[in-house]
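A.B. asks: What follows is run.cif, mmCIF, C-alpha atoms and all ligand atoms.
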data_input
#
loop_
_atom_site.label_atom_id
_atom_site.label_comp_id
_atom_site.auth_asym_id
_atom_site.auth_seq_id
_atom_site.Cartn_x
_atom_site.Cartn_y
_atom_site.Cartn_z
CA MET A 103 121.50 197.87 122.01
CA ASP A 104 122.80 194.46 120.90
CA THR A 105 126.26 194.71 122.45
CA PRO A 106 127.21 193.82 126.04
CA VAL A 107 126.41 196.29 128.80
CA ILE A 108 127.26 196.77 132.44
CA LEU A 109 124.35 196.81 134.86
CA LYS A 110 125.29 198.52 138.10
CA THR A 111 123.61 199.26 141.39
CA PHE A 112 124.67 200.33 144.88
CA HIS A 113 123.25 198.00 147.52
CA LYS A 114 124.04 197.76 151.25
CA GLY A 115 127.11 199.96 150.86
CA LYS A 116 128.56 197.98 147.97
CA ILE A 117 128.60 198.25 144.19
CA LYS A 118 127.01 195.25 142.51
CA GLU A 119 127.58 194.87 138.78
CA TYR A 120 126.91 192.47 135.94
CA PHE A 121 128.38 192.25 132.42
CA VAL A 122 125.54 190.97 130.23
CA MET A 123 124.29 190.55 126.67
CA PRO A 124 120.82 191.91 125.89
CA GLU A 125 119.07 188.53 125.82
CA GLY A 126 117.41 186.11 128.25
CA ASP A 127 116.85 186.64 131.97
CA LEU A 128 119.38 187.58 134.62
CA HIS A 129 118.65 186.10 138.05
CA THR A 130 120.15 188.21 140.85
CA ASP A 131 119.60 188.26 144.61
CA LEU A 132 117.71 191.52 144.01
CA GLY A 133 115.30 189.88 141.54
CA ILE A 134 115.08 188.96 137.86
CA ILE A 135 116.03 191.37 135.07
CA ARG A 136 114.50 190.81 131.62
CA LEU A 137 117.55 191.52 129.49
CA ASP A 138 115.56 191.76 126.23
CA GLU A 139 114.37 195.16 127.55
CA LEU A 140 117.96 196.41 127.01
CA LYS A 141 117.33 196.39 123.23
CA VAL A 142 115.25 199.56 123.54
CA LYS A 143 117.37 201.26 126.18
CA SER A 144 120.55 203.39 126.10
CA PRO A 145 123.53 203.87 128.41
CA GLY A 146 122.43 205.96 131.39
CA ASP A 147 118.90 204.50 131.37
CA ILE A 148 117.57 202.48 134.30
CA ILE A 149 116.42 198.87 134.16
CA SER A 150 114.59 197.33 137.14
CA THR A 151 114.33 193.84 138.59
CA HIS A 152 110.89 192.27 139.10
CA LEU A 153 111.32 193.21 142.79
CA GLY A 154 111.76 196.87 141.90
CA PHE A 155 115.54 197.30 142.37
CA ASP A 156 117.04 199.72 139.85
CA PHE A 157 120.23 199.15 137.87
CA VAL A 158 121.89 201.83 135.74
CA ILE A 159 123.03 200.77 132.25
CA GLN A 160 126.61 201.54 131.25
CA LYS A 161 128.56 201.03 128.01
CA PRO A 162 131.59 198.80 128.80
CA LYS A 163 135.02 200.41 128.63
CA PRO A 164 138.40 198.58 128.54
CA PRO A 165 138.58 198.29 132.40
CA ASP A 166 135.25 196.41 132.25
CA PHE A 167 136.72 193.98 129.72
CA PHE A 168 139.72 193.50 132.03
CA LYS A 169 137.31 192.57 134.85
CA HIS A 170 134.74 190.55 132.90
CA ALA A 171 136.18 189.25 129.60
CA LYS A 172 136.96 185.57 129.19
CA ARG A 173 140.60 184.81 130.03
CA SER A 174 143.06 182.41 128.41
CA GLY A 175 145.92 183.32 130.69
CA ALA A 176 147.07 186.24 132.77
CA PRO A 177 146.11 189.51 131.11
CA MET A 178 148.28 192.54 131.66
CA MET A 179 147.16 194.65 134.62
CA PRO A 180 145.70 198.10 133.89
CA LYS A 181 148.43 199.76 136.01
CA ASP A 182 151.06 198.33 133.63
CA ILE A 183 149.02 199.04 130.51
CA GLY A 184 148.72 202.66 131.64
CA GLN A 185 152.49 202.94 131.94
CA ILE A 186 152.98 201.53 128.44
CA ILE A 187 150.44 203.94 126.98
CA SER A 188 151.95 206.98 128.72
CA SER A 189 155.60 206.01 128.12
CA THR A 190 155.05 205.44 124.39
CA GLY A 191 152.75 208.47 124.03
CA LEU A 192 150.34 206.26 122.10
CA SER A 193 148.02 208.32 119.92
CA CYS A 194 145.17 207.94 117.44
CA SER A 195 147.57 208.17 114.46
CA ASP A 196 149.75 205.26 115.65
CA SER A 197 149.83 201.72 114.33
CA VAL A 198 150.84 199.06 116.87
CA LEU A 199 152.38 195.60 116.59
CA ASP A 200 151.52 193.48 119.65
CA ALA A 201 152.45 189.93 120.77
CA GLY A 202 151.24 187.69 122.31
CA THR A 203 147.59 188.45 122.19
CA GLY A 204 146.65 186.24 125.18
CA SER A 205 143.14 187.24 126.29
CA GLY A 206 143.43 190.38 124.15
CA ILE A 207 143.20 192.80 127.06
CA LEU A 208 146.28 194.87 126.19
CA ALA A 209 145.20 194.83 122.52
CA ILE A 210 141.75 196.15 123.53
CA TYR A 211 143.23 199.06 125.50
CA LEU A 212 145.66 199.84 122.64
CA GLY A 213 142.90 199.52 120.03
CA SER A 214 140.69 201.97 121.89
CA ILE A 215 143.37 204.66 121.35
CA ALA A 216 145.50 203.74 118.32
CA LYS A 217 144.65 203.82 114.61
CA LYS A 218 145.40 200.10 114.19
CA VAL A 219 146.66 197.14 116.22
CA VAL A 220 148.09 193.95 114.70
CA SER A 221 148.40 191.28 117.38
CA TYR A 222 150.10 187.86 117.04
CA GLU A 223 149.24 184.80 119.14
CA ILE A 224 150.95 181.40 118.90
CA ARG A 225 148.09 179.34 120.40
CA GLU A 226 144.97 178.90 118.29
CA GLU A 227 142.64 178.30 121.25
CA PHE A 228 143.82 181.56 122.82
CA ILE A 229 143.34 183.57 119.63
CA ASN A 230 139.73 182.35 119.47
CA ILE A 231 139.06 183.57 123.02
CA ALA A 232 140.69 186.91 122.25
CA ARG A 233 138.65 187.22 119.03
CA GLN A 234 135.40 186.73 120.95
CA ASN A 235 136.47 189.34 123.52
CA ILE A 236 137.38 191.83 120.81
CA ILE A 237 134.11 191.31 118.91
CA LEU A 238 132.26 192.24 122.12
CA THR A 239 134.13 195.56 122.32
CA GLY A 240 132.89 196.60 118.87
CA LEU A 241 136.45 197.66 117.94
CA SER A 242 137.20 197.06 114.25
CA ASN A 243 140.84 198.22 114.20
CA ILE A 244 142.39 195.15 115.88
CA GLU A 245 143.69 192.48 113.51
CA LEU A 246 144.54 189.14 115.13
CA ARG A 247 147.14 186.96 113.41
CA PHE A 248 147.94 183.36 114.30
CA GLY A 249 151.67 182.65 114.47
CA ASP A 250 154.97 182.76 116.30
CA ILE A 251 156.12 186.39 116.49
CA VAL A 252 159.78 185.24 116.53
CA THR A 253 159.48 184.05 112.93
CA GLU A 254 156.47 186.06 111.73
CA ILE A 255 158.17 189.41 112.42
CA GLN A 256 160.79 188.47 109.83
CA THR A 257 158.12 188.20 107.13
CA LEU A 258 156.46 191.58 107.79
CA ASP A 259 156.73 194.28 105.13
CA GLU A 260 154.91 196.96 107.15
CA LYS A 261 156.16 199.36 109.84
CA PHE A 262 154.72 200.35 113.21
CA ASP A 263 154.92 203.32 115.56
CA VAL A 264 154.73 201.22 118.74
CA ILE A 265 155.64 197.58 119.36
CA THR A 266 154.45 195.79 122.52
CA LEU A 267 155.83 192.37 123.48
CA ASP A 268 154.32 190.29 126.28
CA THR A 269 155.86 186.91 125.45
CA ILE A 270 158.37 184.79 127.31
CA ASP A 271 160.73 184.86 124.31
CA ALA A 272 160.62 188.65 123.73
CA ALA A 273 164.44 188.88 123.79
CA ARG A 274 164.51 186.78 120.59
CA VAL A 275 162.15 189.23 118.87
CA VAL A 276 164.08 192.39 119.79
CA PRO A 277 166.82 192.01 117.09
CA GLN A 278 164.09 192.02 114.40
CA VAL A 279 162.31 195.13 115.69
CA PRO A 280 164.39 197.76 113.80
CA ALA A 281 163.17 196.34 110.48
CA VAL A 282 159.51 196.98 111.37
CA ILE A 283 159.55 200.13 113.54
CA TYR A 284 159.44 203.73 112.33
CA PRO A 285 162.37 205.90 113.40
CA GLY A 286 161.43 207.48 116.73
CA GLY A 287 159.00 204.65 117.49
CA TYR A 288 158.79 202.91 120.84
CA LEU A 289 159.28 199.32 121.93
CA ALA A 290 157.59 198.21 125.18
CA VAL A 291 158.37 194.78 126.64
CA TYR A 292 156.66 193.24 129.65
CA SER A 293 158.69 190.66 131.60
CA PRO A 294 157.45 188.92 134.76
CA PHE A 295 160.99 187.97 135.92
CA PHE A 296 164.29 189.81 136.40
CA GLU A 297 165.99 187.20 134.23
CA GLN A 298 163.69 187.93 131.26
CA ALA A 299 164.04 191.69 131.73
CA LYS A 300 167.83 191.30 131.75
CA GLU A 301 167.76 189.22 128.54
CA VAL A 302 165.57 191.88 126.91
CA ARG A 303 167.90 194.66 128.13
CA ASP A 304 170.93 192.82 126.73
CA ALA A 305 169.21 192.31 123.37
CA ILE A 306 168.19 195.97 123.22
CA GLY A 307 171.79 196.99 124.00
CA LYS A 308 172.95 195.24 120.82
CA THR A 309 170.18 196.64 118.61
CA GLY A 310 170.65 200.42 118.34
CA PHE A 311 167.89 201.68 120.64
CA THR A 312 168.17 204.83 122.74
CA GLU A 313 166.35 206.07 125.86
CA VAL A 314 166.11 202.63 127.46
CA ARG A 315 164.31 202.39 130.82
CA ILE A 316 163.25 199.40 132.90
CA PHE A 317 160.81 199.87 135.77
CA GLU A 318 157.94 198.31 137.63
CA THR A 319 154.76 200.06 138.66
CA ILE A 320 153.53 199.93 142.22
CA GLU A 321 149.91 200.80 142.82
CA ARG A 322 148.73 201.70 146.33
CA GLU A 323 144.98 201.98 146.67
CA ILE A 324 143.68 204.13 149.50
CA SER A 325 140.99 202.62 151.73
CA PHE A 326 138.34 204.75 153.44
CA SER A 327 136.45 203.65 156.53
CA ASP A 328 134.95 205.09 159.71
CA ARG A 329 138.22 204.26 161.50
CA GLY A 330 140.36 206.28 159.12
CA THR A 331 141.96 206.67 155.74
CA ARG A 332 145.14 204.81 154.79
CA PRO A 333 146.76 202.74 152.04
CA SER A 334 144.84 199.50 151.63
CA THR A 335 146.31 196.53 153.50
CA THR A 336 145.49 194.24 150.59
CA ARG A 337 147.25 195.23 147.42
CA VAL A 338 148.42 193.97 144.04
CA GLY A 339 151.92 192.55 144.50
CA HIS A 340 154.55 192.14 141.81
CA THR A 341 153.27 191.79 138.25
CA GLY A 342 156.08 192.47 135.82
CA PHE A 343 158.92 194.71 134.68
CA ILE A 344 158.35 197.10 131.81
CA THR A 345 161.18 197.91 129.43
CA ILE A 346 160.71 200.94 127.22
CA ALA A 347 163.15 201.74 124.42
CA ARG A 348 163.06 204.24 121.58
CA TYR A 349 164.40 203.55 118.12
C1 LIG B 401 150.92 186.79 129.25
S1 LIG B 401 150.03 186.37 127.81
C2 LIG B 401 149.67 187.93 127.06
C3 LIG B 401 148.54 188.65 127.73
C4 LIG B 401 148.04 189.81 126.93
N1 LIG B 401 149.04 190.87 126.81
C5 LIG B 401 146.77 190.38 127.56
O1 LIG B 401 146.80 191.51 128.09
O2 LIG B 401 145.74 189.69 127.54
C6 LIG B 401 151.31 185.79 126.75
C7 LIG B 401 150.76 185.22 125.45
O3 LIG B 401 151.80 185.15 124.51
C8 LIG B 401 151.63 184.00 123.72
N2 LIG B 401 152.94 183.72 123.12
C9 LIG B 401 154.03 183.21 123.74
N3 LIG B 401 155.06 183.13 122.88
C10 LIG B 401 154.62 183.64 121.70
C11 LIG B 401 155.20 183.85 120.42
N4 LIG B 401 156.48 183.53 120.20
N5 LIG B 401 154.45 184.40 119.44
C12 LIG B 401 153.14 184.73 119.66
N6 LIG B 401 152.54 184.55 120.85
C13 LIG B 401 153.25 184.02 121.85
C14 LIG B 401 151.13 182.98 124.72
O4 LIG B 401 150.47 181.89 124.08
C15 LIG B 401 150.21 183.81 125.60
O5 LIG B 401 148.90 183.78 125.13
#
Mind turning the file's structure into structure tokens?
C.D. replies:
Amino acid sequence: MDTPVILKTFHKGKIKEYFVMPEGDLHTDLGIIRLDELKVKSPGDIISTHLGFDFVIQKPKPPDFFKHAKRSGAPMMPKDIGQIISSTGLSCSDSVLDAGTGSGILAIYLGSIAKKVVSYEIREEFINIARQNIILTGLSNIELRFGDIVTEIQTLDEKFDVITLDTIDAARVVPQVPAVIYPGGYLAVYSPFFEQAKEVRDAIGKTGFTEVRIFETIEREISFSDRGTRPSTTRVGHTGFITIARY
């Protein structure tokens, strides 16, 4: 293997995990792991520290990239990504237009399902971080483009099945969406604030979409302990509002 892997063990009642490349040494409190040994191992195999603690090797999936990939800004949370994927019915025959790329986390989830993802990012330093993250996934169907989606969308001569917008100025992009979306395609917009969601809703209202819904997703994790089972007292608070519209 010459791609990143997850090394995972269960120690003193807790999962301990590392996201590593197969080179050099990894110093852990359970001993040193010679990562070069990963080159002749496969997912599911065991690798041991010099103190004899075993770690199982796993192939990283998109949730691992959410946890471990380098970040430029706030990536979209998996709970919200899941809603976008289910609400748009994203499938392996779909092509997706995404903006802004940010850390590339949404693009990585979309790219692991869709046929193709084209993702625009306005900041060059962010696109470089996203590119590195995407290279590590091994996905070859995500094309990153540098530019402002507000103007770049007007130059596109291709169409998409799904369009995802996670930019502060998404309402300015909405009027251009009909020119680049297949009939029956879905638009998904992520807005951290009510004000942005309202602007997006107003823009959608003037643009000929149907089946418009705005919602937020609330995730309640359940905690288990000797004392009992209940919703966790620490939880993810507000993240953003999701607007879904069909063309
Ligand atoms: C919240 S982040 C996106 C996070 C991303 N969805 C992820 O999961 O990693 C918003 C990104 O949009 C970019 N952006 C803002 N306005 C843009 C525009 N008009 N065109 C392209 N990118 C834009 C920002 O630079 C920032 O990186």
A.B. asks: Could you tell me which of A:Phe311, A:Phe343, A:Phe295, A:Phe248 comes closest to ligand LIG 401 (chain B) if we count all atoms listed in the file?
C.D. replies: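 With all atoms listed in the file as the atom set, the closest residue is A:Phe248.
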A.B. asks: Please determine, counting only C-alpha atoms and all ligand atoms, which residue among A:Pro294, A:Gly287, A:Gly191, A:Gly133 has the shortest atom-to-atom distance to ligand LIG 401 (chain B).
C.D. replies: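 Nearest to ligand LIG 401 (chain B): A:Pro294.
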A.B. asks: Please compute the atom CA of A:Arg173-atom CA of A:Gly206 distance, one decimal, in Å.
C.D. replies: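 Computing the Euclidean distance for atom CA of A:Arg173 and atom CA of A:Gly206 yields 8.6 Å.
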A.B. asks: The residues within 8 Å of (140.4, 196.0, 127.9), using only C-alpha atoms and the coordinates of the file, should be reported as a CSV table (one decimal) with C-alpha atoms, keeping the file's coordinate frame; which are they?
C.D. replies:
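Saved the output as selection.csv:
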chain,number,residue,atom,x,y,z
A,163,LYS,CA,135.0,200.4,128.6
A,164,PRO,CA,138.4,198.6,128.5
A,165,PRO,CA,138.6,198.3,132.4
A,166,ASP,CA,135.2,196.4,132.2
A,167,PHE,CA,136.7,194.0,129.7
A,168,PHE,CA,139.7,193.5,132.0
A,206,GLY,CA,143.4,190.4,124.2
A,207,ILE,CA,143.2,192.8,127.1
A,208,LEU,CA,146.3,194.9,126.2
A,209,ALA,CA,145.2,194.8,122.5
A,210,ILE,CA,141.8,196.2,123.5
A,211,TYR,CA,143.2,199.1,125.5
A.B. asks: Name each residue within 7 Å of ligand LIG 401 (chain B), counting all atoms listed in the file, as a count of residues only.
C.D. replies: 27
A.B. asks: Pick out the residues sitting within 6 Å of stretch 312-328 of chain A, and hand them over as a count of residues only; count all atoms listed in the file, and ignore anything fewer than 4 positions along from it in its own chain.
C.D. replies: 9
A.B. asks: Just to confirm, what's the straight-line distance from atom CA of A:Pro280 to atom CA of A:Ser188 in Å (one decimal)?
C.D. replies: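 Taking atom CA of A:Pro280 as the start and atom CA of A:Ser188 as the end point, the length is 21.5 Å.
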A.B. asks: Just the residues within 12 Å of A:Asp304, please, counting all atoms listed in the file, with nothing from its chain fewer than 3 positions along; format it as a list in words.
C.D. replies: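 Surrounding residues, per the criterion: Ala272, Ala273, Arg274, Val276, Pro277, Glu297, Gln298, Ala299, Lys300, Glu301, Gly307, Lys308, Thr309, Gly310, Phe311, Val314, Ile316 and Thr345 of chain A.
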A.B. asks: Show me a table, sorted first by chain and then by increasing residue number, of the residues of stretch 144-250 of chain A having an atom at most 9 Å from stretch 107-110 of chain A, each with its shortest atom pair and the distance in Å to one decimal, counting all atoms listed in the file and written as CSV.
C.D. replies:
residue,atom,partner,partner_atom,distance
A:Pro145,CA,A:Val107,CA,8.1
A:Ile148,CA,A:Leu109,CA,8.9
A:Ile149,CA,A:Leu109,CA,8.2
A:Asp156,CA,A:Lys110,CA,8.5
A:Phe157,CA,A:Lys110,CA,5.1
A:Val158,CA,A:Lys110,CA,5.3
A:Ile159,CA,A:Leu109,CA,4.9
A:Gln160,CA,A:Ile108,CA,5.0
A:Lys161,CA,A:Val107,CA,5.3
A:Pro162,CA,A:Val107,CA,5.8
A:Asp166,CA,A:Ile108,CA,8.0
A.B. asks: Which residue is closest to A:Gln278? Choose from A:Lys217, A:Tyr120, A:Thr341, A:Gln256 and count all atoms listed in the file.
C.D. replies: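 Once distances to A:Gln278 are computed over all atoms listed in the file, the minimum belongs to A:Gln256.
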A.B. asks: Need the shell around A:His152: protein/DNA/RNA residues with any atom at most 12 Å away, counting all atoms listed in the file. Skip same-chain ones fewer than 6 positions apart. Format as a PyMOL selection string?
C.D. replies: chain A and resi 127-137
A.B. asks: Between atom CA of A:Val219 and atom CA of A:Ser293, measure the distance and give it in Å to one decimal.
C.D. replies: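 Pair atom CA of A:Val219 / atom CA of A:Ser293 returns 20.6 Å.
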A.B. asks: Using the file's own x, y and z axes, what box holds all listed atoms of stretch 308-326 of chain A with 3 Å on each side, keeping edges along x, y and z, and what are its centre and edge lengths in Å to one decimal, as lines of an AutoDock Vina configuration file?
C.D. replies:
center_x = 155.6
center_y = 200.7
center_z = 135.9
size_x = 40.6
size_y = 16.8
size_z = 41.1
A.B. asks: So which one's closest to A:Pro285, A:Ile231, A:Asp263, A:Gly240, A:Leu192? Using all atoms listed in the file, please.
C.D. replies: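 So, comparing all the options, the nearest one is A:Asp263.
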A.B. asks: Smallest atom-to-atom distance to A:Asp196: which of A:Ile265, A:Val291, A:Ile236, A:Leu258, using all atoms listed in the file?
C.D. replies: A:Ile265
A.B. asks: Which of these, A:Gly115, A:Ile187, A:Asp104, A:Arg233, has the shortest distance to A:Val142 once you count all atoms listed in the file?
C.D. replies: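 Answer, going by the shortest atom-to-atom distance: A:Asp104.
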A.B. asks: Could you pull the residues within 9 Å of A:Val220, counting only C-alpha atoms, minus those fewer than 2 positions along the same chain, as a count of residues only?
C.D. replies: 13
A.B. asks: Using the atoms already present, construct all heavy atoms for stretch 210-221 of chain A and hand them back as a short mmCIF file (atom, residue, chain, number, x, y, z; two decimals), in the frame of the given file.
C.D. replies:
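Now in result.cif:
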data_model
loop_
_atom_site.label_atom_id
_atom_site.label_comp_id
_atom_site.auth_asym_id
_atom_site.auth_seq_id
_atom_site.Cartn_x
_atom_site.Cartn_y
_atom_site.Cartn_z
N ILE A 210 143.00 195.38 123.44
CA ILE A 210 141.75 196.15 123.53
C ILE A 210 142.03 197.58 124.02
O ILE A 210 141.52 198.56 123.46
CB ILE A 210 140.73 195.43 124.45
CG1 ILE A 210 140.19 194.18 123.74
CG2 ILE A 210 139.59 196.36 124.87
CD1 ILE A 210 139.36 193.25 124.62
N TYR A 211 142.87 197.71 125.03
CA TYR A 211 143.23 199.06 125.50
C TYR A 211 143.95 199.83 124.38
O TYR A 211 143.65 201.00 124.13
CB TYR A 211 144.16 198.99 126.71
CG TYR A 211 143.48 198.90 128.06
CD1 TYR A 211 143.08 197.68 128.59
CD2 TYR A 211 143.25 200.04 128.83
CE1 TYR A 211 142.49 197.59 129.84
CE2 TYR A 211 142.66 199.96 130.09
CZ TYR A 211 142.28 198.74 130.59
OH TYR A 211 141.70 198.66 131.83
N LEU A 212 144.90 199.16 123.71
CA LEU A 212 145.66 199.84 122.64
C LEU A 212 144.72 200.22 121.51
O LEU A 212 144.79 201.33 120.97
CB LEU A 212 146.77 198.91 122.12
CG LEU A 212 147.85 198.48 123.13
CD1 LEU A 212 148.75 197.41 122.51
CD2 LEU A 212 148.67 199.67 123.60
N GLY A 213 143.82 199.28 121.15
CA GLY A 213 142.90 199.52 120.03
C GLY A 213 141.90 200.62 120.32
O GLY A 213 141.37 201.23 119.39
N SER A 214 141.65 200.90 121.59
CA SER A 214 140.69 201.97 121.89
C SER A 214 141.34 203.35 121.75
O SER A 214 140.64 204.37 121.84
CB SER A 214 140.09 201.78 123.28
OG SER A 214 141.07 201.97 124.25
N ILE A 215 142.67 203.37 121.54
CA ILE A 215 143.37 204.66 121.35
C ILE A 215 143.99 204.76 119.95
O ILE A 215 143.84 205.77 119.27
CB ILE A 215 144.51 204.81 122.39
CG1 ILE A 215 143.94 204.81 123.81
CG2 ILE A 215 145.32 206.08 122.13
CD1 ILE A 215 145.01 204.77 124.89
N ALA A 216 144.68 203.67 119.54
CA ALA A 216 145.50 203.74 118.32
C ALA A 216 144.66 203.66 117.05
O ALA A 216 143.48 203.32 117.08
CB ALA A 216 146.51 202.59 118.34
N LYS A 217 145.34 203.94 115.91
CA LYS A 217 144.65 203.82 114.61
C LYS A 217 144.42 202.34 114.30
O LYS A 217 143.36 201.95 113.84
CB LYS A 217 145.53 204.47 113.52
CG LYS A 217 144.89 204.46 112.16
CD LYS A 217 145.63 205.35 111.20
CE LYS A 217 146.83 204.62 110.64
NZ LYS A 217 147.62 205.43 109.73
N LYS A 218 145.47 201.52 114.58
CA LYS A 218 145.40 200.10 114.19
C LYS A 218 146.28 199.27 115.11
O LYS A 218 147.34 199.74 115.54
CB LYS A 218 145.89 200.01 112.74
CG LYS A 218 146.12 198.65 112.21
CD LYS A 218 146.58 198.71 110.76
CE LYS A 218 148.02 198.28 110.65
NZ LYS A 218 148.52 197.99 109.33
N VAL A 219 145.85 198.07 115.42
CA VAL A 219 146.66 197.14 116.22
C VAL A 219 146.71 195.81 115.47
O VAL A 219 145.66 195.27 115.09
CB VAL A 219 146.06 196.91 117.62
CG1 VAL A 219 146.90 195.89 118.40
CG2 VAL A 219 145.93 198.21 118.39
N VAL A 220 147.92 195.30 115.24
CA VAL A 220 148.09 193.95 114.70
C VAL A 220 148.67 193.12 115.83
O VAL A 220 149.71 193.46 116.38
CB VAL A 220 149.07 193.96 113.50
CG1 VAL A 220 149.37 192.53 113.05
CG2 VAL A 220 148.51 194.79 112.36
N SER A 221 147.97 192.05 116.21
CA SER A 221 148.40 191.28 117.38
C SER A 221 148.59 189.80 117.02
O SER A 221 147.69 189.18 116.44
CB SER A 221 147.36 191.42 118.50
OG SER A 221 147.80 190.77 119.67
#
